[in-house]
Amino acid sequence: MRLQQVLSYVRKAVDDYHMIEEGDKIAVGISGGKDSLTLLYALHALRRFYPKHFDIHAVTVDLGFGNLDLSRIEAICSQELQIPYTIVKTDIANIIFEQRKESNPCSLCAKMRKGALNTEAKRLGCNKIAYAHHKDDVIETMLLSLIYEGRFHTFAPKTYLDRMDLTVIRPLLFVNEADVIGFKNMYHLEIEKSPCPVDGY
């Protein structure tokens with residue numbers, strides 16, 4: 001999928017759900033995977049012609065496994081896209097796998113990652129955070145909620161976090177995962193695989 005096609009979906013989501021306002025400073029959560037890199041490219045391109053002016057700042061939360069190579073992402077941000085990039089060093093991996101020895105670590109890890117990202121976004125002066133959830137994530141979350149909670153529910157396109165005074169937006173809402181894969185392949189995006197031992201499980 002070409003960037004212009006991704007942009008059309010992102011523009012529709014941003015417009016339909018009023019995700020971006022004049023003067024916003026948006027922290028873009030970057031894991032190093034295909035979804036977050038697609039979002040970064042899309043927001044970077046959108047910024048050039050969108051009628052409401054906004055800034056973006058890429059942020060990666062390093063869980064502390066010690067083998068995460070972010071040099072390619074740093075090069076993309078500094079040389080190709082020319083946007084600021086911050087890496088947040090944490091001890092999340094040690095806390096979850098060594099200290100607490102969590103048998104089902106993903107839920108706690110997600111909360112701690114979000115907490116670290118929110119804190120850094122505030123420190124950087126951002127008022128919004130962009131997550132790279134796409135259409136498949138919406139549907140999967142809805143089905144999981146139906147099966148395990150007995151309710152038909154999924155995350156909102158835009159969520160205000162009142163305790164942090166931050167707004168979470170999901171601009172890839174209308175993009176299929178297959179299209180993200182197509183975008184990655186077409187533009188030869190070099191993704192960084194998660195070093196987490198339970199990634200994919």
# chains A, B, ... in the order shown; residues from 1 in each chain; ligands from 1
>>> select_by_dssp(residues="region 25-200 of chain A", states="strand (DSSP E)", output="MDAnalysis selection string")
chainID A and resid 25:29 54:62 85:89 128:130 158:161 166:169
>>> residues_around(residues="Glu74 (chain A)", least_positions_apart="4", cutoff="12 Å", atoms="only C-alpha atoms", output="compact mmCIF listing (two decimals) with C-alpha atoms, in the first residue's frame")
# COMPACT_ATOMS: atom_id res chain seq x y z
CA ILE A 30 7.39 3.81 18.65
CA GLY A 32 10.10 -0.45 16.37
CA LEU A 37 6.65 3.01 12.01
CA ALA A 58 8.77 10.02 18.49
CA VAL A 59 9.17 8.17 21.80
CA THR A 60 10.34 4.61 22.50
CA ASP A 69 18.98 -1.95 18.73
CA LEU A 70 17.31 1.38 18.04
CA SER A 78 17.10 12.27 12.51
CA GLN A 79 18.12 11.84 8.86
CA GLU A 80 15.02 10.92 6.87
CA LEU A 81 12.07 12.45 8.73
CA GLN A 82 13.96 15.06 10.75
CA ILE A 83 11.80 14.77 13.83
CA PRO A 84 12.92 14.58 17.48
CA TYR A 85 13.26 11.12 18.99
CA THR A 86 13.51 10.17 22.65
CA ILE A 87 14.36 6.79 24.17
CA GLU A 190 13.47 -2.00 8.67
CA GLU A 192 13.16 -3.91 15.09
>>> atom_distance(atom1="CA of Lys193 (chain A)", atom2="CA of Asn127 (chain A)")
28.6 Å
>>> atom_distance(atom1="CA of Ile191 (chain A)", atom2="CA of Cys126 (chain A)")
25.3 Å
>>> residues_around(residues="region 5-19 of chain A", least_positions_apart="4", cutoff="7 Å", atoms="only C-alpha atoms", output="list in words")
Met1, Ala42, Leu46, Pro157, Lys158, Ile169, Pro171, Leu172, Leu173, Phe174 and Val175 of chain A
>>> residues_around(residues="Phe97 (chain A)", least_positions_apart="3", cutoff="12 Å", atoms="only C-alpha atoms", output="count of residues only")
19
>>> residues_around(residues="Val61 (chain A)", least_positions_apart="3", cutoff="7 Å", atoms="only C-alpha atoms", output="list in words")
Ile87, Val88, Lys89, Arg113, Ala116 and Leu117 of chain A
>>> atom_distance(atom1="CA of Thr154 (chain A)", atom2="CA of Ile181 (chain A)")
22.8 Å
>>> select_by_dssp(residues="region 4-156 of chain A", states="helix (DSSP H, G or I)", output="MDAnalysis selection string")
chainID A and resid 4:16 34:47 71:81 92:99 106:123 135:149
>>> write_last_selection(atoms="C-alpha atoms", output="PDB file, in the first residue's frame")
ATOM      1  CA  GLN A   4      -1.027   8.254  -0.165  1.00  0.00           C
ATOM      2  CA  GLN A   5      -3.499   5.430   0.522  1.00  0.00           C
ATOM      3  CA  VAL A   6      -2.463   5.150   4.165  1.00  0.00           C
ATOM      4  CA  LEU A   7      -2.768   8.927   4.421  1.00  0.00           C
ATOM      5  CA  SER A   8      -6.339   8.888   3.126  1.00  0.00           C
ATOM      6  CA  TYR A   9      -7.392   6.476   5.898  1.00  0.00           C
ATOM      7  CA  VAL A  10      -5.458   8.421   8.541  1.00  0.00           C
ATOM      8  CA  ARG A  11      -6.939  11.734   7.383  1.00  0.00           C
ATOM      9  CA  LYS A  12     -10.449  10.256   7.582  1.00  0.00           C
ATOM     10  CA  ALA A  13      -9.896   8.958  11.128  1.00  0.00           C
ATOM     11  CA  VAL A  14      -8.337  12.255  12.246  1.00  0.00           C
ATOM     12  CA  ASP A  15     -11.201  14.274  10.738  1.00  0.00           C
ATOM     13  CA  ASP A  16     -14.064  11.974  11.780  1.00  0.00           C
ATOM     14  CA  LYS A  34       5.627  -2.187  11.455  1.00  0.00           C
ATOM     15  CA  ASP A  35       2.527  -0.569  12.978  1.00  0.00           C
ATOM     16  CA  SER A  36       4.256   2.224  14.873  1.00  0.00           C
ATOM     17  CA  LEU A  37       6.646   3.006  12.013  1.00  0.00           C
ATOM     18  CA  THR A  38       3.723   3.214   9.572  1.00  0.00           C
ATOM     19  CA  LEU A  39       1.992   5.619  11.954  1.00  0.00           C
ATOM     20  CA  LEU A  40       5.136   7.735  12.233  1.00  0.00           C
ATOM     21  CA  TYR A  41       5.493   8.042   8.446  1.00  0.00           C
ATOM     22  CA  ALA A  42       1.784   8.819   8.063  1.00  0.00           C
ATOM     23  CA  LEU A  43       1.714  11.578  10.689  1.00  0.00           C
ATOM     24  CA  HIS A  44       4.934  13.048   9.319  1.00  0.00           C
ATOM     25  CA  ALA A  45       3.374  13.216   5.842  1.00  0.00           C
ATOM     26  CA  LEU A  46       0.022  14.494   7.136  1.00  0.00           C
ATOM     27  CA  ARG A  47       1.721  17.362   8.944  1.00  0.00           C
ATOM     28  CA  SER A  71      19.993   2.794  15.752  1.00  0.00           C
ATOM     29  CA  ARG A  72      17.887   2.351  12.598  1.00  0.00           C
ATOM     30  CA  ILE A  73      14.928   4.155  14.154  1.00  0.00           C
ATOM     31  CA  GLU A  74      17.231   6.932  15.334  1.00  0.00           C
ATOM     32  CA  ALA A  75      18.517   7.256  11.744  1.00  0.00           C
ATOM     33  CA  ILE A  76      14.980   7.374  10.308  1.00  0.00           C
ATOM     34  CA  CYS A  77      13.965  10.121  12.733  1.00  0.00           C
ATOM     35  CA  SER A  78      17.096  12.267  12.506  1.00  0.00           C
ATOM     36  CA  GLN A  79      18.121  11.840   8.863  1.00  0.00           C
ATOM     37  CA  GLU A  80      15.019  10.918   6.874  1.00  0.00           C
ATOM     38  CA  LEU A  81      12.069  12.454   8.726  1.00  0.00           C
ATOM     39  CA  ILE A  92      10.381  -2.883  33.424  1.00  0.00           C
ATOM     40  CA  ALA A  93      11.892  -6.160  32.192  1.00  0.00           C
ATOM     41  CA  ASN A  94      13.772  -6.668  35.451  1.00  0.00           C
ATOM     42  CA  ILE A  95      10.732  -5.867  37.578  1.00  0.00           C
ATOM     43  CA  ILE A  96       8.398  -8.198  35.689  1.00  0.00           C
ATOM     44  CA  PHE A  97      10.661 -11.162  34.904  1.00  0.00           C
ATOM     45  CA  GLU A  98      13.267 -11.105  37.681  1.00  0.00           C
ATOM     46  CA  GLN A  99      11.679  -9.479  40.726  1.00  0.00           C
ATOM     47  CA  CYS A 106       1.683  -8.772  29.381  1.00  0.00           C
ATOM     48  CA  SER A 107      -1.032  -6.873  31.247  1.00  0.00           C
ATOM     49  CA  LEU A 108       1.309  -5.433  33.878  1.00  0.00           C
ATOM     50  CA  CYS A 109       3.977  -4.682  31.263  1.00  0.00           C
ATOM     51  CA  ALA A 110       1.434  -2.786  29.137  1.00  0.00           C
ATOM     52  CA  LYS A 111       0.396  -0.672  32.127  1.00  0.00           C
ATOM     53  CA  MET A 112       4.003   0.119  33.044  1.00  0.00           C
ATOM     54  CA  ARG A 113       4.918   0.955  29.421  1.00  0.00           C
ATOM     55  CA  LYS A 114       1.931   3.285  29.130  1.00  0.00           C
ATOM     56  CA  GLY A 115       2.860   4.909  32.432  1.00  0.00           C
ATOM     57  CA  ALA A 116       6.434   5.517  31.250  1.00  0.00           C
ATOM     58  CA  LEU A 117       5.215   6.863  27.896  1.00  0.00           C
ATOM     59  CA  ASN A 118       2.660   9.164  29.526  1.00  0.00           C
ATOM     60  CA  THR A 119       5.229  10.554  31.956  1.00  0.00           C
ATOM     61  CA  GLU A 120       7.721  11.236  29.164  1.00  0.00           C
ATOM     62  CA  ALA A 121       5.042  12.820  26.969  1.00  0.00           C
ATOM     63  CA  LYS A 122       4.221  15.266  29.777  1.00  0.00           C
ATOM     64  CA  ARG A 123       7.911  16.010  30.318  1.00  0.00           C
ATOM     65  CA  LYS A 135      -8.549  -1.968  12.390  1.00  0.00           C
ATOM     66  CA  ASP A 136      -7.560  -5.579  13.172  1.00  0.00           C
ATOM     67  CA  ASP A 137      -6.662  -4.536  16.736  1.00  0.00           C
ATOM     68  CA  VAL A 138     -10.117  -2.968  17.131  1.00  0.00           C
ATOM     69  CA  ILE A 139     -11.838  -6.180  16.019  1.00  0.00           C
ATOM     70  CA  GLU A 140      -9.603  -8.493  18.082  1.00  0.00           C
ATOM     71  CA  THR A 141     -10.129  -6.401  21.218  1.00  0.00           C
ATOM     72  CA  MET A 142     -13.887  -6.480  20.625  1.00  0.00           C
ATOM     73  CA  LEU A 143     -13.901 -10.278  20.278  1.00  0.00           C
ATOM     74  CA  LEU A 144     -11.683 -10.775  23.349  1.00  0.00           C
ATOM     75  CA  SER A 145     -13.990  -8.543  25.361  1.00  0.00           C
ATOM     76  CA  LEU A 146     -17.024 -10.486  24.175  1.00  0.00           C
ATOM     77  CA  ILE A 147     -15.459 -13.883  24.962  1.00  0.00           C
ATOM     78  CA  TYR A 148     -13.732 -13.099  28.265  1.00  0.00           C
ATOM     79  CA  GLU A 149     -15.811 -10.249  29.706  1.00  0.00           C
TER      80      GLU A 149
END
>>> residues_around(residues="Lys52 (chain A)", least_positions_apart="3", cutoff="9 Å", atoms="only C-alpha atoms", output="number ranges by chain")
A: 20-24, 47, 49
>>> decode(residues="region 3-14 of chain A", atoms="N, CA, C and O atoms", output="mmCIF file, in the first residue's frame")
data_model
loop_
_atom_site.group_PDB
_atom_site.id
_atom_site.type_symbol
_atom_site.label_atom_id
_atom_site.label_comp_id
_atom_site.auth_asym_id
_atom_site.auth_seq_id
_atom_site.Cartn_x
_atom_site.Cartn_y
_atom_site.Cartn_z
ATOM 1 N N LEU A 3 1.921 5.296 0.453
ATOM 2 C CA LEU A 3 1.755 6.262 1.532
ATOM 3 C C LEU A 3 0.479 7.089 1.342
ATOM 4 O O LEU A 3 -0.220 7.393 2.306
ATOM 5 N N GLN A 4 0.165 7.448 0.101
ATOM 6 C CA GLN A 4 -1.027 8.254 -0.165
ATOM 7 C C GLN A 4 -2.299 7.535 0.278
ATOM 8 O O GLN A 4 -3.240 8.176 0.768
ATOM 9 N N GLN A 5 -2.329 6.206 0.113
ATOM 10 C CA GLN A 5 -3.499 5.430 0.522
ATOM 11 C C GLN A 5 -3.610 5.363 2.042
ATOM 12 O O GLN A 5 -4.703 5.497 2.604
ATOM 13 N N VAL A 6 -2.464 5.142 2.703
ATOM 14 C CA VAL A 6 -2.463 5.150 4.165
ATOM 15 C C VAL A 6 -2.917 6.521 4.672
ATOM 16 O O VAL A 6 -3.730 6.630 5.605
ATOM 17 N N LEU A 7 -2.413 7.566 4.026
ATOM 18 C CA LEU A 7 -2.768 8.927 4.421
ATOM 19 C C LEU A 7 -4.259 9.193 4.317
ATOM 20 O O LEU A 7 -4.827 9.901 5.153
ATOM 21 N N SER A 8 -4.903 8.647 3.290
ATOM 22 C CA SER A 8 -6.339 8.888 3.126
ATOM 23 C C SER A 8 -7.126 8.298 4.289
ATOM 24 O O SER A 8 -8.076 8.915 4.794
ATOM 25 N N TYR A 9 -6.736 7.102 4.741
ATOM 26 C CA TYR A 9 -7.392 6.476 5.898
ATOM 27 C C TYR A 9 -7.105 7.258 7.180
ATOM 28 O O TYR A 9 -7.992 7.461 8.020
ATOM 29 N N VAL A 10 -5.845 7.671 7.345
ATOM 30 C CA VAL A 10 -5.458 8.421 8.541
ATOM 31 C C VAL A 10 -6.183 9.759 8.577
ATOM 32 O O VAL A 10 -6.708 10.170 9.623
ATOM 33 N N ARG A 11 -6.239 10.446 7.448
ATOM 34 C CA ARG A 11 -6.939 11.734 7.383
ATOM 35 C C ARG A 11 -8.414 11.565 7.749
ATOM 36 O O ARG A 11 -8.982 12.392 8.464
ATOM 37 N N LYS A 12 -9.041 10.505 7.262
ATOM 38 C CA LYS A 12 -10.449 10.256 7.582
ATOM 39 C C LYS A 12 -10.657 10.035 9.076
ATOM 40 O O LYS A 12 -11.578 10.599 9.678
ATOM 41 N N ALA A 13 -9.776 9.220 9.688
ATOM 42 C CA ALA A 13 -9.896 8.958 11.128
ATOM 43 C C ALA A 13 -9.685 10.235 11.936
ATOM 44 O O ALA A 13 -10.433 10.530 12.868
ATOM 45 N N VAL A 14 -8.653 11.001 11.549
ATOM 46 C CA VAL A 14 -8.337 12.255 12.246
ATOM 47 C C VAL A 14 -9.497 13.236 12.138
ATOM 48 O O VAL A 14 -9.880 13.893 13.123
#
